[in-house]
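Participant: Have a peek at upload-v2.txt (compact mmCIF, C-alpha atoms and all ligand atoms).
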```txt
# COMPACT_ATOMS: atom_id res chain seq x y z
CA MET A 17 10.39 77.57 92.56
CA ILE A 18 9.66 75.02 95.24
CA ALA A 19 6.28 75.21 96.98
CA VAL A 20 4.70 73.31 99.85
CA ILE A 21 1.04 72.76 100.73
CA GLY A 22 0.44 71.48 104.27
CA SER A 23 0.40 71.82 108.03
CA SER A 24 2.20 73.94 110.61
CA ASN A 25 2.43 72.89 114.25
CA ILE A 26 4.10 73.55 117.52
CA ASP A 27 5.45 70.19 118.72
CA ILE A 28 5.15 69.45 122.43
CA VAL A 29 7.66 66.67 122.92
CA TYR A 30 7.97 64.35 125.90
CA GLU A 31 11.15 62.34 126.04
CA VAL A 32 10.19 59.04 127.67
CA ASP A 33 11.91 55.85 128.75
CA HIS A 34 9.45 53.80 126.66
CA PHE A 35 6.15 54.48 124.92
CA THR A 36 3.40 54.75 127.53
CA GLU A 37 1.33 51.56 127.66
CA PRO A 38 -2.49 51.64 127.86
CA GLY A 39 -3.42 52.35 131.48
CA GLU A 40 0.17 53.21 132.47
CA THR A 41 1.35 56.49 134.05
CA GLN A 42 4.99 57.36 133.60
CA THR A 43 7.12 60.44 134.22
CA ALA A 44 8.67 62.22 131.24
CA LEU A 45 12.47 62.50 131.15
CA SER A 46 12.11 65.97 129.60
CA LEU A 47 9.58 68.26 127.95
CA ASN A 48 10.48 70.50 125.00
CA HIS A 49 8.66 72.64 122.46
CA TYR A 50 9.83 72.68 118.85
CA TYR A 51 8.63 74.08 115.55
CA GLY A 52 6.96 71.27 113.60
CA GLY A 53 4.15 70.23 111.30
CA LYS A 54 4.90 68.10 108.27
CA GLY A 55 4.32 70.98 105.85
CA ALA A 56 6.33 73.54 107.82
CA ASN A 57 9.18 71.06 108.36
CA GLN A 58 9.36 70.63 104.59
CA ALA A 59 9.08 74.36 103.87
CA VAL A 60 11.79 75.39 106.35
CA ALA A 61 14.08 72.54 105.26
CA ALA A 62 13.63 73.46 101.59
CA ALA A 63 14.42 77.11 102.41
CA LYS A 64 17.49 76.22 104.45
CA LEU A 65 18.90 73.78 101.89
CA SER A 66 18.18 75.85 98.79
CA ASN A 67 18.74 79.45 100.00
CA GLN A 68 15.70 80.35 97.91
CA ASN A 69 12.29 81.82 98.68
CA ILE A 70 9.74 79.08 99.31
CA LEU A 71 5.99 79.35 98.72
CA PHE A 72 3.95 77.71 101.47
CA SER A 73 0.18 77.32 101.55
CA THR A 74 -0.59 76.73 105.24
CA SER A 75 -2.80 78.05 108.04
CA ILE A 76 -1.70 79.26 111.46
CA GLY A 77 -3.62 80.93 114.30
CA ASN A 78 -3.33 84.52 115.46
CA ASP A 79 -2.08 83.33 118.87
CA SER A 80 1.37 83.58 120.43
CA GLU A 81 2.52 80.35 118.71
CA GLY A 82 1.22 81.58 115.35
CA LYS A 83 3.10 84.85 115.78
CA LYS A 84 6.36 83.01 116.49
CA ILE A 85 5.83 80.78 113.45
CA LYS A 86 5.07 83.83 111.30
CA ASN A 87 8.38 85.45 112.36
CA ARG A 88 10.18 82.25 111.53
CA PHE A 89 8.59 82.03 108.07
CA ASP A 90 9.51 85.66 107.42
CA LYS A 91 13.12 84.97 108.46
CA PHE A 92 13.35 82.09 105.97
CA ASN A 93 11.59 84.02 103.17
CA ILE A 94 8.65 81.64 103.24
CA LYS A 95 5.57 83.29 101.74
CA GLY A 96 1.94 82.34 101.15
CA TYR A 97 0.81 81.39 104.69
CA PHE A 98 -2.64 82.36 106.01
CA ILE A 99 -3.41 83.61 109.54
CA HIS A 100 -6.83 82.72 111.04
CA GLY A 101 -8.29 84.90 113.79
CA ASN A 102 -10.63 82.25 115.19
CA PHE A 103 -8.51 79.11 115.33
CA HIS A 104 -5.50 78.16 117.38
CA THR A 105 -2.21 77.14 115.79
CA GLY A 106 -1.87 73.38 115.27
CA GLN A 107 -0.16 71.31 117.93
CA ALA A 108 1.41 67.88 117.98
CA PHE A 109 1.92 65.92 121.20
CA ILE A 110 4.87 63.62 120.73
CA GLU A 111 6.51 60.88 122.76
CA VAL A 112 10.12 60.12 121.82
CA ASN A 113 11.56 56.95 123.36
CA ARG A 114 15.17 56.09 124.22
CA VAL A 115 15.91 54.79 120.72
CA GLY A 116 14.60 57.92 119.02
CA GLU A 117 11.29 56.52 117.78
CA ASN A 118 8.20 58.67 118.09
CA LYS A 119 4.44 58.50 118.52
CA ILE A 120 2.46 61.55 117.48
CA VAL A 121 -1.03 62.81 118.30
CA SER A 122 -1.99 66.00 116.50
CA ASN A 123 -4.57 68.64 117.40
CA PRO A 124 -5.08 70.35 114.03
CA GLY A 125 -6.46 73.81 114.98
CA ALA A 126 -5.95 76.10 111.98
CA ASN A 127 -4.64 73.18 109.86
CA GLY A 128 -8.16 71.73 110.03
CA VAL A 129 -9.62 74.75 108.24
CA HIS A 130 -7.02 75.01 105.50
CA SER A 131 -9.63 75.04 102.77
CA LYS A 132 -9.85 74.35 99.04
CA ALA A 133 -10.51 78.08 98.59
CA LEU A 134 -7.20 78.97 100.25
CA VAL A 135 -5.29 76.53 98.07
CA GLU A 136 -7.13 77.76 94.98
CA LYS A 137 -6.13 81.36 95.75
CA PHE A 138 -2.53 80.32 96.46
CA LEU A 139 -2.23 78.45 93.15
CA LYS A 140 -3.95 81.24 91.23
CA GLU A 141 -1.45 83.75 92.57
CA ASN A 142 1.66 81.56 92.40
CA GLY A 143 0.97 78.57 90.15
CA GLU A 144 2.99 79.91 87.22
CA ASP A 145 6.13 80.18 89.36
CA ILE A 146 6.05 76.70 90.89
CA ASP A 147 8.19 73.85 89.51
CA TYR A 148 7.92 71.34 92.37
CA CYS A 149 5.21 71.15 95.03
CA LEU A 150 5.54 69.10 98.22
CA ILE A 151 2.34 67.94 99.90
CA GLN A 152 1.36 65.61 102.77
CA ASN A 153 -1.82 64.60 104.64
CA GLU A 154 -2.20 66.90 107.65
CA ILE A 155 -4.83 69.22 106.17
CA PRO A 156 -8.48 68.36 105.33
CA ARG A 157 -8.96 65.49 102.91
CA GLU A 158 -11.02 67.50 100.43
CA THR A 159 -8.26 70.14 100.34
CA ILE A 160 -5.60 67.53 99.58
CA GLY A 161 -7.72 66.02 96.79
CA PHE A 162 -8.36 69.43 95.31
CA ALA A 163 -4.70 70.47 95.58
CA LEU A 164 -3.46 67.29 93.86
CA GLU A 165 -5.96 67.69 91.04
CA SER A 166 -5.04 71.36 90.51
CA LEU A 167 -1.29 70.67 90.59
CA LYS A 168 -1.72 67.95 87.96
CA GLU A 169 -3.77 70.30 85.76
CA LYS A 170 -1.05 72.92 86.01
CA GLU A 171 1.66 70.30 85.26
CA ILE A 172 3.50 71.15 88.46
CA LYS A 173 5.68 68.25 89.66
CA ILE A 174 4.21 66.73 92.81
CA ILE A 175 6.16 65.13 95.66
CA TYR A 176 3.48 63.51 97.83
CA ASP A 177 4.11 62.06 101.27
CA PRO A 178 1.07 59.94 102.21
CA ALA A 179 1.33 60.71 105.96
CA ALA A 180 -0.90 60.38 107.92
CA LYS A 181 -1.66 57.31 105.79
CA GLU A 182 -5.43 56.97 106.41
CA LYS A 183 -6.28 60.12 104.47
CA THR A 184 -4.76 58.89 101.21
CA LYS A 185 -7.20 57.96 98.46
CA ILE A 186 -5.83 55.43 95.98
CA LYS A 187 -7.53 57.21 93.08
CA TRP A 188 -5.41 60.33 93.78
CA LEU A 189 -2.17 58.48 93.04
CA ALA A 190 -2.48 58.29 89.25
CA GLY A 191 -0.14 60.85 87.71
CA ILE A 192 1.68 61.73 90.98
CA ASP A 193 5.30 62.36 90.02
CA TYR A 194 6.94 61.15 93.24
CA LEU A 195 5.20 59.18 96.00
CA THR A 196 7.33 58.72 99.13
CA PRO A 197 5.70 56.33 101.64
CA ASN A 198 7.58 54.88 104.59
CA LYS A 199 7.27 51.19 105.49
CA THR A 200 4.05 51.53 107.48
CA GLU A 201 2.40 53.74 104.87
CA PHE A 202 3.39 51.45 102.00
CA ASN A 203 2.03 48.37 103.82
CA TYR A 204 -1.25 50.16 104.46
CA LEU A 205 -1.62 51.34 100.84
CA LYS A 206 -0.60 48.05 99.24
CA GLU A 207 -3.12 46.20 101.40
CA LYS A 208 -5.87 48.46 100.09
CA LEU A 209 -4.94 47.19 96.63
CA ASN A 210 -4.65 43.61 97.82
CA ILE A 211 -1.08 43.36 96.54
CA LYS A 212 0.43 40.07 97.66
CA GLU A 213 3.60 39.66 95.59
CA ASP A 214 6.38 37.63 97.22
CA THR A 215 9.11 40.28 97.58
CA LEU A 216 9.08 43.96 98.45
CA ALA A 217 10.59 44.77 95.04
CA ASN A 218 7.77 42.95 93.24
CA GLN A 219 5.18 44.58 95.48
CA ALA A 220 6.66 48.00 94.65
CA LEU A 221 6.55 47.26 90.90
CA MET A 222 2.95 46.05 91.14
CA PHE A 223 1.94 49.03 93.28
CA LYS A 224 3.30 51.44 90.69
CA LYS A 225 1.48 49.61 87.90
CA GLU A 226 -1.84 49.48 89.77
CA THR A 227 -1.85 53.08 90.93
CA GLY A 228 -0.36 54.88 87.93
CA ILE A 229 2.16 56.87 89.99
CA ARG A 230 5.21 57.95 88.01
CA ASN A 231 8.04 57.29 90.50
CA LEU A 232 7.79 55.36 93.76
CA ILE A 233 10.32 56.02 96.51
CA LEU A 234 10.10 53.67 99.49
CA LYS A 235 11.67 55.20 102.60
CA ARG A 236 12.78 52.41 104.92
CA GLY A 237 14.57 54.12 107.81
CA SER A 238 18.16 52.89 107.91
CA SER A 239 17.56 50.21 105.22
CA ASP A 240 18.18 50.94 101.52
CA ILE A 241 15.67 53.18 99.78
CA ILE A 242 13.83 51.32 97.02
CA ILE A 243 12.90 53.27 93.91
CA VAL A 244 10.70 52.26 91.01
CA THR A 245 11.45 54.76 88.26
CA LYS A 246 9.00 56.07 85.68
CA ASP A 247 10.28 53.53 83.16
CA ASN A 248 9.77 50.69 85.68
CA LYS A 249 13.42 50.24 86.63
CA LEU A 250 14.08 49.09 90.15
CA ARG A 251 16.88 50.96 91.96
CA LYS A 252 18.32 50.85 95.46
CA VAL A 253 19.93 53.77 97.23
CA GLN A 254 22.10 53.09 100.26
CA THR A 255 21.36 55.05 103.42
CA PHE A 256 23.78 56.22 106.12
CA ASP A 257 24.77 54.31 109.21
CA ILE A 258 23.90 56.60 112.09
CA GLU A 259 22.70 56.38 115.69
CA ALA A 260 19.29 57.99 116.10
CA VAL A 261 18.35 60.19 119.05
CA ASP A 262 15.08 61.52 117.58
CA THR A 263 13.55 60.54 114.23
CA THR A 264 10.79 63.20 114.35
CA GLY A 265 10.65 65.12 111.07
CA ALA A 266 13.26 62.95 109.31
CA GLY A 267 10.77 61.96 106.60
CA ASP A 268 9.85 65.61 106.03
CA ILE A 269 13.49 66.64 105.80
CA PHE A 270 14.06 63.78 103.34
CA ASN A 271 11.24 65.05 101.11
CA ALA A 272 12.40 68.67 101.23
CA ALA A 273 15.95 67.65 100.33
CA LEU A 274 14.60 65.45 97.54
CA ALA A 275 12.77 68.48 96.09
CA VAL A 276 15.90 70.62 96.40
CA GLY A 277 18.02 67.94 94.70
CA LEU A 278 15.57 67.48 91.83
CA TYR A 279 15.21 71.24 91.47
CA ARG A 280 19.00 71.48 91.14
CA GLY A 281 18.80 68.97 88.31
CA TYR A 282 20.10 65.86 90.13
CA ASN A 283 18.86 62.56 88.74
CA LEU A 284 16.45 60.67 91.00
CA GLN A 285 19.08 58.39 92.56
CA LYS A 286 21.42 61.26 93.33
CA ALA A 287 18.55 63.31 94.75
CA CYS A 288 17.54 60.37 96.98
CA ARG A 289 21.10 59.96 98.22
CA TYR A 290 21.27 63.67 99.02
CA ALA A 291 17.90 63.44 100.78
CA SER A 292 19.05 60.40 102.70
CA ALA A 293 22.11 62.28 104.00
CA ALA A 294 19.89 65.17 105.12
CA ALA A 295 17.48 62.79 106.90
CA ALA A 296 20.30 60.81 108.54
CA LEU A 297 21.85 63.98 109.95
CA SER A 298 18.48 65.12 111.24
CA VAL A 299 17.97 62.04 113.40
CA THR A 300 21.15 62.82 115.35
CA LYS A 301 19.49 65.95 116.78
CA LYS A 302 16.35 66.48 118.83
CA GLY A 303 13.17 68.03 117.43
CA ALA A 304 11.78 68.44 113.93
CA GLN A 305 12.87 71.79 112.45
CA SER A 306 15.63 72.12 115.06
CA SER A 307 17.26 69.07 113.46
CA ILE A 308 17.44 70.33 109.85
CA PRO A 309 21.12 70.15 108.85
CA ASP A 310 22.88 72.91 106.96
CA GLN A 311 24.28 72.54 103.47
CA GLN A 312 27.87 72.12 104.67
CA GLU A 313 26.96 69.23 107.00
CA ILE A 314 25.30 67.38 104.13
CA LYS A 315 28.29 67.99 101.88
CA GLU A 316 30.63 66.53 104.50
CA MET A 317 28.36 63.55 105.10
CA LEU A 318 28.19 62.77 101.39
CA SER A 319 31.96 63.02 100.98
CA LYS A 320 32.67 60.84 104.06
CA GLN A 321 30.54 57.83 103.15
CA THR A 322 31.04 56.71 99.57
CA PHE A 323 30.06 53.28 98.32
O1 LIG A 401 6.57 64.50 110.58
C1 LIG A 401 6.79 65.03 111.84
C2 LIG A 401 5.73 66.03 112.20
O2 LIG A 401 4.50 65.38 112.29
C3 LIG A 401 5.94 66.71 113.54
O3 LIG A 401 6.72 67.86 113.44
C4 LIG A 401 4.54 66.93 114.03
O4 LIG A 401 4.17 68.28 114.05
C5 LIG A 401 3.63 66.12 113.12
O5 LIG A 401 2.93 66.92 112.30
```
Let me see the file written as structure tokens.
Facilitator:
Amino acid sequence: MIAVIGSSNIDIVYEVDHFTEPGETQTALSLNHYYGGKGANQAVAAAKLSNQNILFSTSIGNDSEGKKIKNRFDKFNIKGYFIHGNFHTGQAFIEVNRVGENKIVSNPGANGVHSKALVEKFLKENGEDIDYCLIQNEIPRETIGFALESLKEKEIKIIYDPAAKEKTKIKWLAGIDYLTPNKTEFNYLKEKLNIKEDTLANQALMFKKETGIRNLILKRGSSDIIIVTKDNKLRKVQTFDIEAVDTTGAGDIFNAALAVGLYRGYNLQKACRYASAAAALSVTKKGAQSSIPDQQEIKEMLSKQTF
């Protein structure tokens, strides 16, 4: 089975002409609420693309937002979530500009109390059934560290998105099966290791060597994905040429589709291509979970653009 450990949010999204400058006041073009949270985006996308039950270790509040999220999880056969009586459901305040880029400020609420104990219980109850586990950085740091360590012990394949980047500890990366940073996250992590190779490819190879990750997948928006495989082969995967209206959640949808592809038995390049199609389709629609494509759309996209 595929599992996810991570956050759930309600996204409060302001469409703006441009990102608000320090000291500036501007009027939003629109305001919308969407289902979000990096963990929940991955869980719902994995459910939608696989038609399978998904296990999801997350925390939501017992408020009206939490109740709506609970109904949504139940509809998608997502199990394992925890409801807290004393904390509100997580929120993310997002600006999306005219070219679809975003800036996100999160207010963690229940995500901030997703504890080691909750993850321990989740893995005790479900660990045997999990083949791939997706995880990101929107829950407490000690919980992430504990979860990664436990997943490694149980030999569950880990797909780790180091977002938000600051929470990542380099020492966690050894033995991670798939690390999927975007450009900003990779630059941040490689600087921590003082990697100064001349080309991105050489930096990626050095990063893999220094950290001990098994496979590195560099997500670069519309530019080719760069992979360093477990046997140190460098591979490129072409992405899709598409006009973005909102990139929120695209990275999460990529990771979920990657997990689904690998779970189906695709090789890493094929799984990345599949994930890239899912992410490309998602940026053509507004919102995070509202932009998850269906299986047929991905099939059509993959058959239209061949290289
Ligand atoms: O990755 C996108 C997500 O990050 C949004 O849905 C928002 O909730 C933040 O967590």
Participant: Name all residues at most 7 Å from region 51-60 of chain A (count all atoms listed in the file; drop same-chain ones fewer than 4 positions away) and give them as a ChimeraX atom specification.
Facilitator: /A:20-27,64,70,72,92,151-152,265,268-269,271-272,304-305
Participant: When you count all atoms listed in the file, which of these residues is closest to ligand LIG 401 (chain A): A:Leu216, A:Ala273, A:Val261, A:Ile120?
Facilitator: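 With all atoms listed in the file as the atom set, the closest residue is A:Ile120.
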Participant: Let me have the centre and edge lengths in Å, one decimal, of the box along x, y and z around every listed atom of ligand LIG 401 (chain A) with 3 Å of margin on each side, as lines of an AutoDock Vina configuration file.
Facilitator:
```
center_x = 4.9
center_y = 66.4
center_z = 112.3
size_x = 9.9
size_y = 9.8
size_z = 9.5
```
Participant: Between CA of Thr255 (chain A) and CA of Ile146 (chain A), what is the spacing in Å?
Facilitator: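 Going from CA of Ile146 (chain A) over to CA of Thr255 (chain A) covers 29.3 Å.
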Participant: Skip region 234-245 of chain A itself and residues of its chain fewer than 4 positions away, then list as a tab-separated table (two decimals) with C-alpha atoms, keeping the file's coordinate frame all residues within 9 Å of it, counting all atoms listed in the file.
Facilitator:
```tsv
chain	number	residue	atom	x	y	z
A	195	LEU	CA	5.20	59.18	96.00
A	196	THR	CA	7.33	58.72	99.13
A	197	PRO	CA	5.70	56.33	101.64
A	198	ASN	CA	7.58	54.88	104.59
A	199	LYS	CA	7.27	51.19	105.49
A	202	PHE	CA	3.39	51.45	102.00
A	216	LEU	CA	9.08	43.96	98.45
A	217	ALA	CA	10.59	44.77	95.04
A	220	ALA	CA	6.66	48.00	94.65
A	221	LEU	CA	6.55	47.26	90.90
A	224	LYS	CA	3.30	51.44	90.69
A	230	ARG	CA	5.21	57.95	88.01
A	249	LYS	CA	13.42	50.24	86.63
A	250	LEU	CA	14.08	49.09	90.15
A	251	ARG	CA	16.88	50.96	91.96
A	252	LYS	CA	18.32	50.85	95.46
A	253	VAL	CA	19.93	53.77	97.23
A	254	GLN	CA	22.10	53.09	100.26
A	255	THR	CA	21.36	55.05	103.42
A	256	PHE	CA	23.78	56.22	106.12
A	257	ASP	CA	24.77	54.31	109.21
A	258	ILE	CA	23.90	56.60	112.09
A	267	GLY	CA	10.77	61.96	106.60
A	270	PHE	CA	14.06	63.78	103.34
A	284	LEU	CA	16.45	60.67	91.00
A	285	GLN	CA	19.08	58.39	92.56
A	288	CYS	CA	17.54	60.37	96.98
A	289	ARG	CA	21.10	59.96	98.22
A	292	SER	CA	19.05	60.40	102.70
A	296	ALA	CA	20.30	60.81	108.54
```
Participant: Name all residues at most 7 Å from Val112 (chain A) (count all atoms listed in the file; drop same-chain ones fewer than 4 positions away) and give them as a ChimeraX atom specification.
Facilitator: /A:30-32,116-119,262
Participant: Pick from A:Asp310, A:Glu259, A:Glu81, A:Glu141: nearest to Gly96 (chain A), with all atoms listed in the file counted?
Facilitator: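 Using all atoms listed in the file, Gly96 (chain A) sits closest to A:Glu141.
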Participant: Determine the nearest neighbour of Ala133 (chain A) from the options A:Gly106, A:Lys185, A:Ser166, A:Arg114, counting all atoms listed in the file.
Facilitator: A:Ser166
